[in-house]
Structure formats: C-alpha cells, structure tokens
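Trainee: Hey, dropping target_29.csv in here, CSV, C-alpha atoms and all ligand atoms:
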chain,number,residue,atom,x,y,z
A,1,LEU,CA,0.0,0.0,0.0
A,2,GLU,CA,1.4,3.4,-1.0
A,3,THR,CA,1.6,5.8,1.9
A,4,ILE,CA,3.6,9.0,2.5
A,5,MET,CA,5.9,10.1,5.2
A,6,ILE,CA,6.7,13.8,5.3
A,7,ILE,CA,10.1,14.6,6.8
A,8,ILE,CA,10.4,18.2,7.8
A,9,LEU,CA,13.9,19.4,8.1
A,10,ARG,CA,15.1,22.1,10.6
A,11,PRO,CA,14.6,25.7,9.5
A,12,GLY,CA,17.6,26.9,7.4
A,13,THR,CA,18.3,23.5,6.0
A,14,HIS,CA,18.7,24.2,2.2
A,15,ILE,CA,17.3,21.8,-0.3
A,16,ASP,CA,20.8,21.5,-1.8
A,17,SER,CA,22.6,21.0,1.5
A,18,ALA,CA,24.6,18.0,2.6
A,19,ASP,CA,22.1,17.2,5.3
A,20,THR,CA,19.2,17.1,2.8
A,21,LYS,CA,21.3,14.8,0.6
A,22,THR,CA,22.0,12.4,3.6
A,23,VAL,CA,18.2,12.1,4.2
A,24,ILE,CA,17.5,11.5,0.5
A,25,ASP,CA,20.3,9.0,0.2
A,26,PHE,CA,19.0,7.1,3.3
A,27,LEU,CA,15.5,6.9,1.8
A,28,SER,CA,16.7,6.0,-1.7
A,29,SER,CA,18.6,3.0,-0.2
A,30,ARG,CA,15.3,1.6,1.1
A,31,PRO,CA,13.4,-0.8,-1.2
A,32,GLY,CA,10.2,0.7,-2.7
A,33,ILE,CA,10.7,4.2,-1.3
A,34,THR,CA,11.0,7.2,-3.6
A,35,PRO,CA,12.1,10.5,-2.0
A,36,GLN,CA,11.0,13.9,-3.3
A,37,ALA,CA,12.4,17.1,-1.9
A,38,HIS,CA,10.3,20.3,-1.8
A,39,THR,CA,10.8,23.8,-0.6
A,40,VAL,CA,7.9,25.3,1.3
A,41,SER,CA,7.8,28.9,2.2
A,42,GLY,CA,5.9,30.0,5.4
A,43,THR,CA,5.3,33.5,6.8
A,44,ASP,CA,8.8,33.9,8.3
A,45,ARG,CA,10.8,30.9,7.2
A,46,THR,CA,11.5,28.6,4.4
A,47,LEU,CA,11.4,24.9,5.0
A,48,THR,CA,12.8,21.9,3.2
A,49,GLU,CA,10.5,18.9,3.3
A,50,ILE,CA,11.2,15.5,1.9
A,51,TYR,CA,8.3,13.3,0.9
A,52,ALA,CA,9.0,9.6,1.2
A,53,VAL,CA,6.5,7.9,-1.2
A,54,GLY,CA,5.9,4.2,-1.3
A,55,ASP,CA,5.4,1.5,1.3
A,56,THR,CA,6.5,3.6,4.2
A,57,SER,CA,5.3,1.1,6.8
A,58,ALA,CA,8.8,-0.4,6.5
A,59,LEU,CA,10.3,2.9,7.6
A,60,ASP,CA,11.0,3.4,11.3
A,61,PRO,CA,10.0,7.0,12.3
A,62,GLN,CA,12.5,6.9,15.2
A,63,GLU,CA,15.3,6.0,12.8
A,64,VAL,CA,14.3,8.7,10.3
A,65,SER,CA,14.0,11.3,13.1
A,66,SER,CA,17.6,10.6,14.1
A,67,LEU,CA,18.9,11.6,10.7
A,68,PRO,CA,20.8,14.9,10.5
A,69,ALA,CA,18.6,18.1,10.4
A,70,VAL,CA,15.3,16.2,10.7
A,71,GLU,CA,12.9,18.2,12.9
A,72,ARG,CA,9.8,16.2,12.6
A,73,VAL,CA,8.2,13.3,10.8
A,74,VAL,CA,4.5,13.3,9.8
A,75,ARG,CA,2.8,10.2,8.4
A,76,VAL,CA,0.1,10.9,5.8
A,77,SER,CA,-2.5,8.5,4.5
A,78,ARG,CA,-4.9,11.0,3.1
A,79,GLU,CA,-5.4,11.7,-0.6
A,80,TYR,CA,-4.3,15.3,-0.8
A,81,ARG,CA,-0.8,14.6,0.4
A,82,MET,CA,0.7,17.9,-0.8
A,83,ILE,CA,-2.1,20.4,-0.5
A,84,GLY,CA,-4.0,18.7,2.3
A,85,ARG,CA,-4.1,19.4,6.0
A,86,HIS,CA,-3.0,16.4,8.0
A,87,ALA,CA,-3.3,15.3,11.6
A,88,ASP,CA,-0.6,16.9,13.8
A,89,ASP,CA,0.3,19.1,10.9
A,90,ASP,CA,0.4,22.7,12.2
A,91,ARG,CA,3.0,24.0,9.7
A,92,ALA,CA,2.5,27.6,8.6
A,93,ARG,CA,1.7,27.5,4.9
A,94,GLY,CA,1.1,30.0,2.2
A,95,PHE,CA,3.7,31.9,0.1
A,96,THR,CA,5.1,35.3,-0.7
A,97,TYR,CA,5.4,36.4,-4.3
A,98,ASN,CA,6.8,39.6,-5.6
A,99,GLY,CA,6.4,41.1,-2.1
A,100,ILE,CA,2.8,40.1,-1.7
A,101,ARG,CA,1.9,37.5,1.0
A,102,PHE,CA,-0.8,34.9,0.2
A,103,ASP,CA,-2.1,32.5,2.9
A,104,GLN,CA,-5.3,31.6,4.6
A,105,ASN,CA,-5.4,34.8,6.7
A,106,THR,CA,-4.7,37.4,4.0
A,107,LEU,CA,-7.2,39.1,1.7
A,108,HIS,CA,-6.3,40.6,-1.8
A,109,LEU,CA,-8.5,42.1,-4.4
A,110,PHE,CA,-7.6,41.2,-8.0
A,111,ALA,CA,-9.9,43.7,-9.9
A,112,GLY,CA,-9.2,44.0,-13.6
A,113,LEU,CA,-10.2,43.3,-17.2
A,114,CYS,CA,-11.5,39.9,-18.1
A,115,ALA,CA,-9.6,40.4,-21.4
A,116,VAL,CA,-7.0,42.9,-22.4
A,117,ASP,CA,-8.5,45.0,-25.2
A,118,ASN,CA,-6.7,48.3,-25.7
A,119,ARG,CA,-4.0,50.3,-24.1
A,120,GLU,CA,-6.4,53.1,-22.9
A,121,ASN,CA,-8.6,50.7,-21.0
A,122,VAL,CA,-5.7,48.8,-19.5
A,123,GLU,CA,-4.1,52.1,-18.4
A,124,SER,CA,-7.3,53.5,-16.9
A,125,MET,CA,-7.8,50.3,-15.0
A,126,MET,CA,-4.3,50.3,-13.6
A,127,ARG,CA,-4.4,54.0,-12.8
A,128,ALA,CA,-7.6,53.4,-10.7
A,129,LEU,CA,-5.9,50.5,-8.9
A,130,LYS,CA,-2.9,52.6,-8.0
A,131,GLU,CA,-5.1,55.4,-6.7
A,132,HIS,CA,-6.4,52.9,-4.2
A,133,GLN,CA,-3.0,51.3,-3.5
A,134,LEU,CA,-4.1,48.0,-4.9
A,135,PRO,CA,-1.1,46.0,-6.1
A,136,CYS,CA,-2.9,43.2,-7.9
A,137,THR,CA,-5.0,42.9,-11.0
A,138,ARG,CA,-6.4,40.5,-13.6
A,139,MET,CA,-5.7,40.8,-17.3
A,140,GLY,CA,-6.6,38.1,-19.7
A,141,ALA,CA,-4.4,37.7,-22.8
A,142,TYR,CA,-5.2,34.1,-23.8
A,143,LYS,CA,-9.0,33.6,-23.6
A,144,PRO,CA,-10.7,30.2,-23.8
A,145,ARG,CA,-13.9,31.0,-25.7
A,146,THR,CA,-17.0,28.9,-26.2
A,147,SER,CA,-17.2,29.8,-29.9
A,148,PRO,CA,-14.3,29.9,-32.3
A,149,TYR,CA,-15.8,33.0,-33.8
A,150,SER,CA,-15.4,35.0,-30.5
A,151,PHE,CA,-12.4,37.2,-29.7
A,152,GLN,CA,-9.6,34.9,-28.6
A,153,GLY,CA,-7.5,37.5,-26.7
A,154,HIS,CA,-4.5,39.5,-28.0
A,155,GLY,CA,-2.2,36.7,-26.8
A,156,THR,CA,1.6,37.2,-26.6
A,157,ASP,CA,1.5,40.4,-28.6
A,158,CYS,CA,0.0,42.4,-25.7
A,159,LEU,CA,2.3,41.1,-23.0
A,160,PRO,CA,5.2,43.6,-23.4
A,161,TRP,CA,3.0,46.7,-23.1
A,162,VAL,CA,0.7,45.3,-20.4
A,163,PHE,CA,3.7,44.4,-18.2
A,164,GLU,CA,5.4,47.7,-18.9
A,165,LEU,CA,2.2,49.6,-17.9
A,166,ALA,CA,1.8,47.4,-14.8
A,167,GLY,CA,5.3,48.4,-13.7
A,168,ARG,CA,4.5,52.0,-14.2
A,169,TYR,CA,1.4,51.7,-11.9
A,170,ASP,CA,3.1,49.6,-9.2
A,171,ILE,CA,1.1,46.5,-10.0
A,172,LYS,CA,3.0,43.6,-8.4
A,173,VAL,CA,0.8,40.6,-9.5
A,174,ILE,CA,-1.3,40.1,-12.6
A,175,ALA,CA,-3.6,37.0,-12.7
A,176,MET,CA,-3.4,35.8,-16.3
A,177,GLU,CA,-5.0,32.6,-17.7
A,178,VAL,CA,-2.9,30.2,-19.7
A,179,THR,CA,-4.5,27.6,-21.9
A,180,HIS,CA,-1.3,25.9,-23.3
A,181,ASP,CA,2.1,25.4,-21.8
A,182,SER,CA,3.8,27.3,-24.5
A,183,GLN,CA,2.1,30.4,-23.1
A,184,VAL,CA,3.9,29.9,-19.8
A,185,ASP,CA,7.2,30.2,-21.7
A,186,GLU,CA,6.0,33.3,-23.5
A,187,ILE,CA,5.0,35.0,-20.3
A,188,LEU,CA,8.4,34.0,-18.6
A,189,GLU,CA,10.4,35.2,-21.7
A,190,THR,CA,8.5,38.5,-21.9
A,191,LEU,CA,8.9,39.2,-18.1
A,192,ASN,CA,12.6,38.5,-18.5
A,193,ALA,CA,13.0,40.6,-21.7
A,194,CYS,CA,11.3,43.6,-20.1
A,195,GLY,CA,13.2,43.3,-16.8
A,196,HIS,CA,10.4,42.0,-14.5
A,197,PRO,CA,8.4,45.3,-14.1
A,198,THR,CA,5.6,43.2,-12.5
A,199,GLY,CA,4.7,39.6,-11.6
A,200,VAL,CA,2.2,37.1,-13.0
A,201,MET,CA,0.0,34.5,-11.2
A,202,LEU,CA,-0.8,31.9,-13.8
A,203,GLN,CA,-4.5,31.1,-14.0
A,204,ILE,CA,-5.9,27.7,-14.9
A,205,GLY,CA,-9.4,28.2,-16.1
A,206,THR,CA,-12.4,26.1,-15.2
A,207,ARG,CA,-12.4,24.5,-18.6
A,208,ASN,CA,-8.8,23.3,-18.0
A,209,THR,CA,-9.0,22.2,-14.4
A,210,GLN,CA,-8.5,18.6,-15.6
A,211,ASN,CA,-6.1,19.3,-18.4
A,212,PHE,CA,-3.5,17.2,-16.7
A,213,GLU,CA,-0.6,17.9,-19.1
A,214,LEU,CA,-1.2,21.6,-18.7
A,215,LEU,CA,-1.2,21.2,-14.9
A,216,LYS,CA,2.0,19.2,-15.0
A,217,ALA,CA,3.7,21.8,-17.2
A,218,VAL,CA,2.5,24.7,-15.0
A,219,GLY,CA,3.5,22.8,-11.8
A,220,ARG,CA,7.0,22.1,-13.1
A,221,GLN,CA,7.9,25.8,-13.2
A,222,ARG,CA,8.4,27.3,-9.8
A,223,GLU,CA,8.9,30.9,-10.7
A,224,LEU,CA,5.2,31.9,-11.0
A,225,PRO,CA,2.4,31.1,-8.5
A,226,VAL,CA,-0.8,29.5,-9.8
A,227,LEU,CA,-4.5,30.2,-9.4
A,228,ILE,CA,-6.5,27.1,-10.2
A,229,LYS,CA,-10.3,27.4,-10.8
A,230,ARG,CA,-12.6,24.7,-9.5
A,231,GLY,CA,-13.9,22.7,-12.5
A,232,PHE,CA,-17.5,23.8,-13.2
A,233,GLY,CA,-18.9,20.4,-13.8
A,234,ILE,CA,-16.9,18.0,-11.6
A,235,THR,CA,-16.8,17.2,-7.9
A,236,LEU,CA,-14.8,19.2,-5.4
A,237,GLU,CA,-12.6,16.1,-4.8
A,238,GLU,CA,-11.8,16.0,-8.5
A,239,SER,CA,-10.8,19.6,-8.5
A,240,LEU,CA,-8.6,19.2,-5.5
A,241,ASN,CA,-6.9,16.2,-7.0
A,242,ALA,CA,-6.3,18.3,-10.1
A,243,THR,CA,-4.7,20.9,-7.8
A,244,GLU,CA,-2.6,18.2,-6.3
A,245,TYR,CA,-0.9,17.8,-9.7
A,246,LEU,CA,0.5,21.3,-9.5
A,247,ALA,CA,2.0,20.7,-6.0
A,248,ASN,CA,3.2,17.2,-6.9
A,249,GLU,CA,5.2,18.6,-9.8
A,250,GLY,CA,6.9,20.9,-7.5
A,251,ASN,CA,4.9,24.2,-7.3
A,252,SER,CA,3.1,24.6,-4.0
A,253,ASN,CA,2.5,28.3,-4.5
A,254,VAL,CA,-1.1,27.7,-5.4
A,255,VAL,CA,-4.4,29.5,-4.7
A,256,PHE,CA,-7.7,27.6,-5.2
A,257,CYS,CA,-10.6,29.5,-6.7
A,258,LEU,CA,-14.3,29.0,-6.4
A,259,ARG,CA,-16.2,30.4,-9.5
A,260,GLY,CA,-19.6,28.8,-9.4
A,261,MET,CA,-20.9,25.5,-10.8
A,262,LYS,CA,-22.7,24.8,-14.1
A,263,THR,CA,-25.9,23.3,-12.7
A,264,ASN,CA,-28.6,25.7,-14.0
A,265,LEU,CA,-30.2,25.3,-10.6
A,266,GLY,CA,-28.7,28.6,-9.6
A,267,ASP,CA,-30.4,30.4,-12.5
A,268,PRO,CA,-30.6,33.3,-13.3
A,269,HIS,CA,-27.0,33.5,-12.1
A,270,ARG,CA,-24.6,32.3,-14.8
A,271,ASN,CA,-23.3,29.6,-12.4
A,272,PHE,CA,-24.6,28.2,-9.1
A,273,VAL,CA,-22.6,30.2,-6.5
A,274,ASP,CA,-20.5,27.8,-4.3
A,275,PHE,CA,-18.9,30.2,-1.9
A,276,SER,CA,-20.2,28.2,1.1
A,277,HIS,CA,-17.3,26.0,0.2
A,278,VAL,CA,-14.7,28.6,1.2
A,279,PRO,CA,-14.4,27.2,4.8
A,280,THR,CA,-14.6,23.6,3.4
A,281,VAL,CA,-11.6,24.1,1.1
A,282,LYS,CA,-9.7,25.9,3.9
A,283,HIS,CA,-10.3,22.9,6.1
A,284,LEU,CA,-9.4,20.3,3.6
A,285,THR,CA,-6.3,22.0,2.3
A,286,HIS,CA,-3.8,24.6,3.5
A,287,LEU,CA,-4.3,26.7,0.3
A,288,PRO,CA,-5.5,30.3,0.2
A,289,VAL,CA,-9.0,30.3,-1.3
A,290,CYS,CA,-10.1,32.8,-3.9
A,291,ILE,CA,-13.7,33.6,-5.0
A,292,ASP,CA,-14.7,34.9,-8.5
A,293,PRO,CA,-18.0,36.6,-8.1
A,294,SER,CA,-18.0,37.8,-11.7
A,295,HIS,CA,-18.0,34.5,-13.4
A,296,SER,CA,-20.3,33.1,-10.8
A,297,VAL,CA,-23.1,35.7,-11.1
A,298,GLY,CA,-22.4,36.7,-14.7
A,299,SER,CA,-24.4,39.9,-14.8
A,300,ARG,CA,-24.9,43.4,-13.2
A,301,ASN,CA,-28.2,42.4,-11.7
A,302,ARG,CA,-29.1,44.7,-8.8
A,303,GLY,CA,-31.1,43.6,-5.8
A,304,VAL,CA,-34.0,45.6,-4.3
A,305,ASP,CA,-31.6,46.8,-1.6
A,306,GLY,CA,-29.4,48.5,-4.2
A,307,LEU,CA,-26.5,46.1,-4.1
A,308,LEU,CA,-25.3,44.3,-7.2
A,309,ASP,CA,-25.6,40.5,-6.9
A,310,ILE,CA,-21.8,40.5,-7.5
A,311,MET,CA,-21.3,42.6,-4.3
A,312,HIS,CA,-23.7,40.3,-2.4
A,313,VAL,CA,-21.8,37.1,-3.2
A,314,THR,CA,-18.4,38.8,-2.7
A,315,ALA,CA,-19.5,39.7,0.8
A,316,GLN,CA,-20.8,36.1,1.3
A,317,GLY,CA,-17.4,34.7,0.3
A,318,ILE,CA,-15.4,37.2,2.4
A,319,ILE,CA,-17.5,36.8,5.6
A,320,ALA,CA,-16.8,33.1,5.2
A,321,GLY,CA,-13.0,33.7,5.1
A,322,ALA,CA,-12.1,34.1,1.5
A,323,ASN,CA,-8.4,35.2,0.9
A,324,MET,CA,-8.7,36.6,-2.6
A,325,VAL,CA,-11.3,38.2,-4.8
A,326,LEU,CA,-10.9,37.9,-8.6
A,327,VAL,CA,-13.4,40.3,-10.2
A,328,ASP,CA,-14.1,41.8,-13.6
A,329,PHE,CA,-14.0,45.6,-13.9
A,330,HIS,CA,-14.0,47.7,-17.0
A,331,PRO,CA,-13.6,51.5,-17.6
A,332,ASN,CA,-16.1,51.2,-20.5
A,333,PRO,CA,-18.0,47.9,-20.5
A,334,GLN,CA,-19.7,48.6,-23.8
A,335,GLN,CA,-16.2,48.4,-25.4
A,336,ALA,CA,-15.2,45.2,-23.6
A,337,LEU,CA,-14.5,42.4,-26.0
A,338,VAL,CA,-15.2,39.7,-23.4
A,339,ASP,CA,-17.8,39.6,-20.5
A,340,GLY,CA,-18.7,43.3,-20.6
A,341,PRO,CA,-22.2,42.7,-19.1
A,342,GLN,CA,-20.8,41.4,-15.9
A,343,ALA,CA,-18.1,44.1,-15.4
A,344,MET,CA,-18.1,46.5,-12.5
A,345,LEU,CA,-17.5,50.2,-13.3
A,346,LEU,CA,-14.4,52.0,-12.3
A,347,ASP,CA,-16.3,54.5,-10.3
A,348,GLU,CA,-17.8,51.6,-8.3
A,349,LEU,CA,-14.3,50.6,-7.1
A,350,PRO,CA,-14.3,52.7,-3.9
A,351,TRP,CA,-17.8,51.5,-3.0
A,352,PHE,CA,-16.8,47.8,-3.7
A,353,LEU,CA,-13.7,48.2,-1.5
A,354,GLU,CA,-15.7,49.7,1.4
A,355,ASP,CA,-18.3,46.9,1.1
A,356,MET,CA,-15.6,44.3,1.1
A,357,GLN,CA,-14.1,45.9,4.2
A,358,ILE,CA,-17.5,45.5,6.1
A,359,ALA,CA,-17.6,41.8,5.3
A,360,ARG,CA,-13.9,41.3,6.2
A,361,GLN,CA,-14.4,43.0,9.6
A,362,ALA,CA,-17.4,40.8,10.2
A,363,TRP,CA,-15.3,37.7,9.4
A,364,GLU,CA,-12.6,38.9,11.9
A,365,GLN,CA,-15.2,39.5,14.6
A,366,ARG,CA,-16.7,36.1,13.9
A,367,VAL,CA,-13.3,34.4,14.2
A,368,ALA,CA,-12.7,36.2,17.5
A,369,LEU,CA,-16.1,35.2,18.8
A,370,ALA,CA,-15.5,31.6,17.9
A,371,ARG,CA,-12.1,31.7,19.7
A,372,ASN,CA,-13.8,33.0,22.8
A,373,ASN,CA,-16.4,30.3,22.7
A,374,LEU,CA,-14.2,27.3,22.0
A,375,THR,CA,-13.5,25.4,25.1
A,376,SER,CA,-9.9,24.4,25.3
A,377,PRO,CA,-9.2,20.7,24.7
A,401,LIG,C1,-11.8,34.1,-16.4
A,401,LIG,O1,-11.5,34.3,-15.2
A,401,LIG,O2,-11.6,35.0,-17.3
A,401,LIG,C2,-12.5,32.9,-16.8
A,401,LIG,C3,-12.5,32.5,-18.1
A,401,LIG,O3,-13.0,32.2,-15.8
A,401,LIG,P1,-13.4,30.7,-15.7
A,401,LIG,O4,-12.3,29.8,-16.1
A,401,LIG,O5,-13.8,30.5,-14.3
A,401,LIG,O6,-14.6,30.6,-16.6
A,402,MN,MN,-14.5,36.2,-18.3
Show me the file's structure as structure tokens.
Ligand code: PEP
Ligand code: MN
Mentor:
Amino acid sequence: LETIMIIILRPGTHIDSADTKTVIDFLSSRPGITPQAHTVSGTDRTLTEIYAVGDTSALDPQEVSSLPAVERVVRVSREYRMIGRHADDDRARGFTYNGIRFDQNTLHLFAGLCAVDNRENVESMMRALKEHQLPCTRMGAYKPRTSPYSFQGHGTDCLPWVFELAGRYDIKVIAMEVTHDSQVDEILETLNACGHPTGVMLQIGTRNTQNFELLKAVGRQRELPVLIKRGFGITLEESLNATEYLANEGNSNVVFCLRGMKTNLGDPHRNFVDFSHVPTVKHLTHLPVCIDPSHSVGSRNRGVDGLLDIMHVTAQGIIAGANMVLVDFHPNPQQALVDGPQAMLLDELPWFLEDMQIARQAWEQRVALARNNLTSP
C-alpha cells in the first residue's frame, strides 16, 4: 500500500545541502521508497521537506527522526498529500510572491479586465488601482472561448506593453490565464525581456481544471504562482486532485478559486454560486481560497436593496473567510471584447472596497467570537 511520510527538516536547511542529501540517500537506499524534496515557504521561514513515497510502513519513524537536520516526521495516509491538512500538521503555509503574501489569513483584491482589449482601457484600470493602493489585478491575454468566432484574446503580442504599464502603476501581481504550456514560456520570456516590471500569477481556467498535461507543465515551473479554478462540472474532490498535480510537480504556491458550478439550478445566475465551500476548502487544504464573483453571477443584476448581486456574493465569500477576490472591472464595459455585461465600473471601485471591508471585519469578529467560545481541549 502506498503511503507517504513527510520529513520536515530544521529551518535553514537548504534543499541542496549535505544534510538534505543524507536524508535523501537514506530513503533511496530503502526498497520501494522514492524520496521527493520540496521547498515550502511559510510566513517567516522557508522549510525543506522530503516526501517519502511508497510502502512507508517499512520505515522506522525513530530512525528517520535521528537523521541529520530532521525536525519532525509526519505520516500521511490522506489523498491530498501535498495540498491537504494532516493530523498533527500545524506547519504555517502560504507563500510570498513579488512582495505580496498569500495565505489563509490574507485578503487581496484582483480587480481588472476579463480580457486585455486596448492600451487606454488597461491604463485607466491600472491608474484606478494605483489610486487605491491596490497592487494586484487580472488581465486576460489568452482567452478560452466557447465559440471559435469570438475574440480569442490578444495573446503574446500584448504582454510587453501590459507588463510595462503594470510596472508604471506599481502592479505587483497580474492574474493571467494560460490555456497551453507554450504560453507559460511566452510569459516568462516576456517578463525577462522587459526586466520584470511586474509579476504574474498563472491562472488555470475552469475549462482546463482537468487538463493534466497543462497542470504538470505549470506545476514544473516554480517561478510563478498558480491560481486554479474549480472545475464547473466536476466534484470538489476531482478539482482538489487536479490541484494536487501542481504541487506534486513541485509548485506549491497555489491558490484555489471557487467560481460557481454549471448546474442551471442557480439560474438566473450564470453559475450556481458555491462560496459556502470557502471554509470547506480551507479545512481540507492549506491553500488560500479565492472567489470569483463575476464568473459566478455573470451579470450586473441589482437587488432591491441597491446592491449588485456581485457585491452580495463577494461579501458572502469574504464573511466566510475568502483570501482573494478575482473580479471583472472595465472602464467602459460597452467596449469590452469579453464579458462586458458582468463588469463593475471604475467609479464603483471605492464602493466595492468599502463593502468588502465591512464583510472582512465581520469575518474577523466572527473568528474572535469563535475563539472565545471554543472550550480548550
Ligand atoms: C476568467 O476568469 O476569465 C475565466 C474565463 O474564468 P473561468 O475559467 O472561471 O470561466
Ligand atoms: Mn470572463
């Protein structure tokens, strides 16, 4: 039976160090055991972890613990060995990318264009973000479209000027979907060529959640973090297993995004909003959880209370502990080439931020209340 033993090395033990090599060599010498070394970045420290995969029942935890630089040994039998939370596993998780911290306690807004159209609109969007000191955005260059006759995105051609503008407006992270592994190389090459004025979080779209070869390719590169959308017509377990591919290939800097399910039971919303799963995913995994209210709701429908449905579901996700909000905005939605009807307007940005803040404070108060009411074990 294949099981996993996670061997956590002492802080400061580098993945290329002699101590790490000693542990790997010890494990390699055991029949049926394959060691995999990973670097995991926490809030204030970076850890090297070695995963012993195979029939680990033959390994003596005492003996493994006595190897140089070993701090702790955790046995894992659960499915989500890389992204999952395990018993006795209180390691701080999350990651920092381009100066921005992502974990299960942070909250970041990624407001931006569903698809890059022209320079004026991209610049207006980024200018508005800078005015509000928002360092993250979304900008689609490669768009997966239902119809081959729809605008497919400007692709690689727009990357140099989008990155250059992002640098000018202090944008640190752009969420950008990739639909093919060649696009990852194009993004990395362009970032290099223009001197890294900004950073990119690669986005796996809901139509590609189970595109395993794309997941493997994106997981093999460790420079850029990854946002993976829940598949809109598969189980949560299947989506989490897909996410496991990224981490298993070596990239654990992953955010999991809820974006609604295609059931039609949630009509008239574009997708059935599934933000009640924010706490569920935070419980099952150590990943930061994102919500995408735009692709969930799919319209600018406004309730009788004056709030857009997009704002309502955003608040529902945040009050449940969401760590990131990916939302479509557009300076001029009539001009948008993709998803104009669901875009929020630039002058709604301050309102949206204030509304988010109310929900965030409510979440913080709810967490404090729970802490006060939990009897200590
Ligand atoms: C998007 O975020 O632009 C997008 C296409 O989302 P999804 O993959 O969730 O449909
Ligand atoms: Mn879209």
Trainee: For ligand LIG 401 (chain A), collect every residue having any atom at a distance of at most 6 Å from a ligand atom (counting only C-alpha atoms and all ligand atoms); output as a PDB file with C-alpha atoms, in the coordinates of the input.
Mentor:
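Ended up saving to out-v7.pdb:
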ATOM      1  CA  CYS A 114     -11.500  39.900 -18.100  1.00  0.00           C
ATOM      2  CA  GLY A 205      -9.400  28.200 -16.100  1.00  0.00           C
ATOM      3  CA  THR A 206     -12.400  26.100 -15.200  1.00  0.00           C
ATOM      4  CA  ARG A 207     -12.400  24.500 -18.600  1.00  0.00           C
ATOM      5  CA  LYS A 229     -10.300  27.400 -10.800  1.00  0.00           C
ATOM      6  CA  ARG A 259     -16.200  30.400  -9.500  1.00  0.00           C
ATOM      7  CA  HIS A 295     -18.000  34.500 -13.400  1.00  0.00           C
TER       8      HIS A 295
END
Trainee: What does the distance from CA of Pro61 in chain A to CA of Arg93 in chain A come to in Å, to one decimal?
Mentor: 23.3 Å
Trainee: Quick one: residues within 6 Å of Thr137 in chain A, all atoms listed in the file, excluding same-chain residues fewer than 2 positions away - as number ranges by chain?
Mentor: A: 110-112, 174
Trainee: Please measure the separation of CA of Val297 in chain A and CA of Phe329 in chain A, giving the value in Å to one decimal.
Mentor: 13.7 Å
Trainee: Hey, which of A:Val64, A:Val76, A:Val173, A:Ala242 ends up closest to Pro225 in chain A? Count only C-alpha atoms.
Mentor: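 Nearest to Pro225 in chain A: A:Val173.
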Trainee: Could the residues that lie within 12 Å of ligand MN 402 (chain A), counting only C-alpha atoms and all ligand atoms, be listed as a PyMOL selection string?
Mentor: chain A and resi 112-116+138-146+151-153+176-177+205-207+259+270+292-299+326-330+336-343
Trainee: One number please: CA of Val122 in chain A to CA of Pro331 in chain A, in Å, one decimal.
Mentor: 8.6 Å
Trainee: Considering all atoms listed in the file, return as a PDB file with C-alpha atoms, in the coordinates of the input whatever protein or nucleic-acid residues lie within 9 Å of Ser239 in chain A, sequence-local ones (same chain, fewer than 4 positions apart) excluded.
Mentor:
ATOM      1  CA  THR A 209      -9.000  22.200 -14.400  1.00  0.00           C
ATOM      2  CA  GLN A 210      -8.500  18.600 -15.600  1.00  0.00           C
ATOM      3  CA  ILE A 228      -6.500  27.100 -10.200  1.00  0.00           C
ATOM      4  CA  LYS A 229     -10.300  27.400 -10.800  1.00  0.00           C
ATOM      5  CA  ARG A 230     -12.600  24.700  -9.500  1.00  0.00           C
ATOM      6  CA  GLY A 231     -13.900  22.700 -12.500  1.00  0.00           C
ATOM      7  CA  ILE A 234     -16.900  18.000 -11.600  1.00  0.00           C
ATOM      8  CA  THR A 235     -16.800  17.200  -7.900  1.00  0.00           C
ATOM      9  CA  THR A 243      -4.700  20.900  -7.800  1.00  0.00           C
ATOM     10  CA  GLU A 244      -2.600  18.200  -6.300  1.00  0.00           C
TER      11      GLU A 244
END
Trainee: Between A:Phe352, A:Phe102, A:Phe272, A:Phe256, single out the one closest to Ile83 in chain A, counting all atoms listed in the file.
Mentor: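 Answer, going by the shortest atom-to-atom distance: A:Phe256.
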Trainee: Could you list, as a ChimeraX atom specification, every residue within 6 Å of range 1-12 of chain A, counting all atoms listed in the file and ignoring same-chain residues fewer than 5 positions away?
Mentor: /A:47-56,69-77
Trainee: Write a file of the just-selected residues containing C-alpha atoms, as a PDB file, keeping the file's coordinate frame.
Mentor:
ATOM      1  CA  LEU A  47      11.400  24.900   5.000  1.00  0.00           C
ATOM      2  CA  THR A  48      12.800  21.900   3.200  1.00  0.00           C
ATOM      3  CA  GLU A  49      10.500  18.900   3.300  1.00  0.00           C
ATOM      4  CA  ILE A  50      11.200  15.500   1.900  1.00  0.00           C
ATOM      5  CA  TYR A  51       8.300  13.300   0.900  1.00  0.00           C
ATOM      6  CA  ALA A  52       9.000   9.600   1.200  1.00  0.00           C
ATOM      7  CA  VAL A  53       6.500   7.900  -1.200  1.00  0.00           C
ATOM      8  CA  GLY A  54       5.900   4.200  -1.300  1.00  0.00           C
ATOM      9  CA  ASP A  55       5.400   1.500   1.300  1.00  0.00           C
ATOM     10  CA  THR A  56       6.500   3.600   4.200  1.00  0.00           C
ATOM     11  CA  ALA A  69      18.600  18.100  10.400  1.00  0.00           C
ATOM     12  CA  VAL A  70      15.300  16.200  10.700  1.00  0.00           C
ATOM     13  CA  GLU A  71      12.900  18.200  12.900  1.00  0.00           C
ATOM     14  CA  ARG A  72       9.800  16.200  12.600  1.00  0.00           C
ATOM     15  CA  VAL A  73       8.200  13.300  10.800  1.00  0.00           C
ATOM     16  CA  VAL A  74       4.500  13.300   9.800  1.00  0.00           C
ATOM     17  CA  ARG A  75       2.800  10.200   8.400  1.00  0.00           C
ATOM     18  CA  VAL A  76       0.100  10.900   5.800  1.00  0.00           C
ATOM     19  CA  SER A  77      -2.500   8.500   4.500  1.00  0.00           C
TER      20      SER A  77
END
Trainee: So that I can see what lies close to Ser182 in chain A, please list as a PyMOL selection string the residues with an atom at most 12 Å from it, counting all atoms listed in the file and leaving out residues fewer than 6 positions away in the same chain.
Mentor: chain A and resi 142+155-156+188-189+213-214+217-218
Trainee: Counting all atoms listed in the file, which residue out of A:Met126, A:Val23, A:Ile187, A:Leu107 sits closest to Asn323 in chain A?
Mentor: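 Of the candidates, the smallest distance to Asn323 in chain A is held by A:Leu107.
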